[in-house]
Amino acid sequence: MNDKIEKFPIGASILEVQQSIDPNPAYSRLQAEEPISWVPAFGMWYVTRYDDVIAVLRNTEHFVAGTPHSLLQDTFGIHMLTTEGAKQKRYKDAFRGAFSPMAVRSAMETTVHKLVNSLIDGFINHGEVELRTAFASRLPVQAILALFGLPLSEEPKLRLWYDDFEAALANFKWDSAVRGRAATAVVQFHDLIQHHIDIIRTEGGSDLLATTLADSRPGRLNDDEIKRNCGIIFFGGISTVEALILNTVFALLTHPEQLARVRSDKALLAKAIEETMRWVSPVQSATRHATKDCIFNGNALKAGDTVNCMLGAANRDPAKFPNPDMFDLDRSNAKQHLGFAIGDHFCLGSHLAKLEAAVAIETLLARLPGLRFAQDHKPKIVGFEFRQPKLMNLVWESVS
Ligand code: HEM
């Protein structure tokens with residue numbers, strides 16, 4: 001261990017608190033001097049260069065997402081993000097159709113517009129809003145309910161379960177109370193999904209679960225497999241989308257000239273969202289575990305070692321993205337960011353996430369003229385795994 005600390009001084013200097021405030025200076029030093037580094041504060045390897053992150057994420061023989069010791073597996077069991085190869089493909093394929101760009105658009109576009117407008121109706125007359133609580137944290141929960149064909153009245157329950165899941169995935173001390181709360185929430189979530197499955201079996205339906213149940217191909221999933229995978233689908237689509245919405249609003253309001261361009265040319269909104277994914281990646285890392293002893297770029301990794309692929313760092317790798325700290329609508333390769341990862345575990349919900357963010361931002365800008373940060377309020381982006389502002393107080397011109 002001491003050997004590693006001596007060999008990787010930059011990694012040894014990394015502290016969670018500093019990472020949470022601003023990880024980018026440390027990422028950039030690591031990329032230049034210790035591209036594969038041992039970080040004792042987290043007990044794991046950090047991989048920060050764009051090409052190296054891709055190499056790890058594409059190498060499922062040496063690096064896997066799930067182990068019995070991972071919090072993800074402990075919380076949600078076996079599902080598409082804790083398996084590899086044929087098993088993972090079978091799980092993911094059962095849902096892939098429902099998450100294709102066309103399916104997402106036809107099943108969700110009108111619904112997302114309705115949800116966004118109704119949330120804005122709730123605060124438009126107040127003249128000010130804290131966007132996270134009133135909007136960005138609620139839309140993804142409501143969108144998931146709609147996707148699963150569940151009533152909006154379940155929103156408070158899902159929110160509480162989500163909070164228990166999030167606590168469990170950050171439970172690095174394996175606190176038994178935190179694990180217990182998440183286990184109870186998983187049982188309750190599965191009961192809700194099972195109830196809905198039973199209804200679909202007698203009455204039919206057209207939502208995500210109905211489509212999955214209608215699958216008649218060999219290898220179709222049984223109810224337990226469906227429920228476990230629904231757990232990770234639900235978990236994957238909440239804080240991530242909240243962060244993308246807030247980070248895009250942050251990026252545009254702090255770059256007024258680029259905001260003006262987006263206002264006058266709607267086609268630029270999609271670019272703004274891709275560039276935000278790169279500039280402030282909502283999910284900063286994808287964690288893998290070495291399956292065997294191996295040498296990776298000259299470093300001896302042991303079987304079982306945790307290897308954290310730093311997506312946020314890769315997205316600011318100057319070798320891939322010149323002037324990486326600049327938010328730039330005209331960046332020609334922004335779409336090549338790794339904010340949704342890459343390889344077999346590439347985000348299943350990326351099209352839904354981008355649809356939610358696009359409808360949210362377009363409608364906020366259209367309905368709240370002169371949208372800006374409240375006086376004396378400059379939101380700060382924080383967090384070492386999920387990065388986003390914790391508060392965003394906004395005001396606008398009221399139209400009478
Ligand atoms: C901006 C929003 C989002 C971001 C930044 C994001 C990011 C990611 C990343 C980085 C991964 C790969 C994790 C890894 O390889 O370890 C991932 C996987 C996944 N995401 Fe997302 N995600 C977002 C939205 C969503 C949404 C809306 C859903 C579903 C409703 C979703 C469902 C999933 C699932 C099920 C996986 C696992 C895929 C697999 O293992 O094959 N995500 N996401």
# chains A, B, ... in the order shown; residues from 1 in each chain; ligands from 1
>>> residues_near_ligand(ligand="ligand 1", cutoff="7 Å", atoms="only C-alpha atoms and all ligand atoms", output="PyMOL selection string")
chain A and resi 65+80-82+88+92+144+232-234+236-238+240-241+243-244+281-283+285-287+339-341+344-350+352-354
>>> select_by_dssp(residues="range 116-194 of chain A", states="helix (DSSP H, G or I)", output="ChimeraX atom specification")
/A:116-121,124-126,131-136,139-148,152-169,176-194
>>> atom_distance(atom1="CA of Arg132 in chain A", atom2="CA of Ala185 in chain A")
23.6 Å
>>> residues_around(residues="Asp305 in chain A", least_positions_apart="3", cutoff="9 Å", atoms="only C-alpha atoms", output="ChimeraX atom specification")
/A:43-45,288-293,301-302
>>> residues_around(residues="Ala143 in chain A", least_positions_apart="2", cutoff="10 Å", atoms="only C-alpha atoms", output="list of chain:residue names")
A:Met108, A:Thr111, A:Val112, A:Leu115, A:Val116, A:Arg138, A:Leu139, A:Pro140, A:Val141, A:Leu145, A:Ala146, A:Leu147, A:Phe148, A:Gly149, A:Leu150, A:Leu152, A:Glu155, A:Gly237, A:Ile238, A:Leu352, A:Ala353, A:Glu356
>>> residues_around(residues="Met310 in chain A", least_positions_apart="3", cutoff="9 Å", atoms="only C-alpha atoms", output="list in words")
Tyr27, Tyr46, Val47, Thr48, Arg49, Tyr50, Val53, Gln284, Ser285, Ala286, Thr287, Ala313, Ala314 and Asn315 of chain A
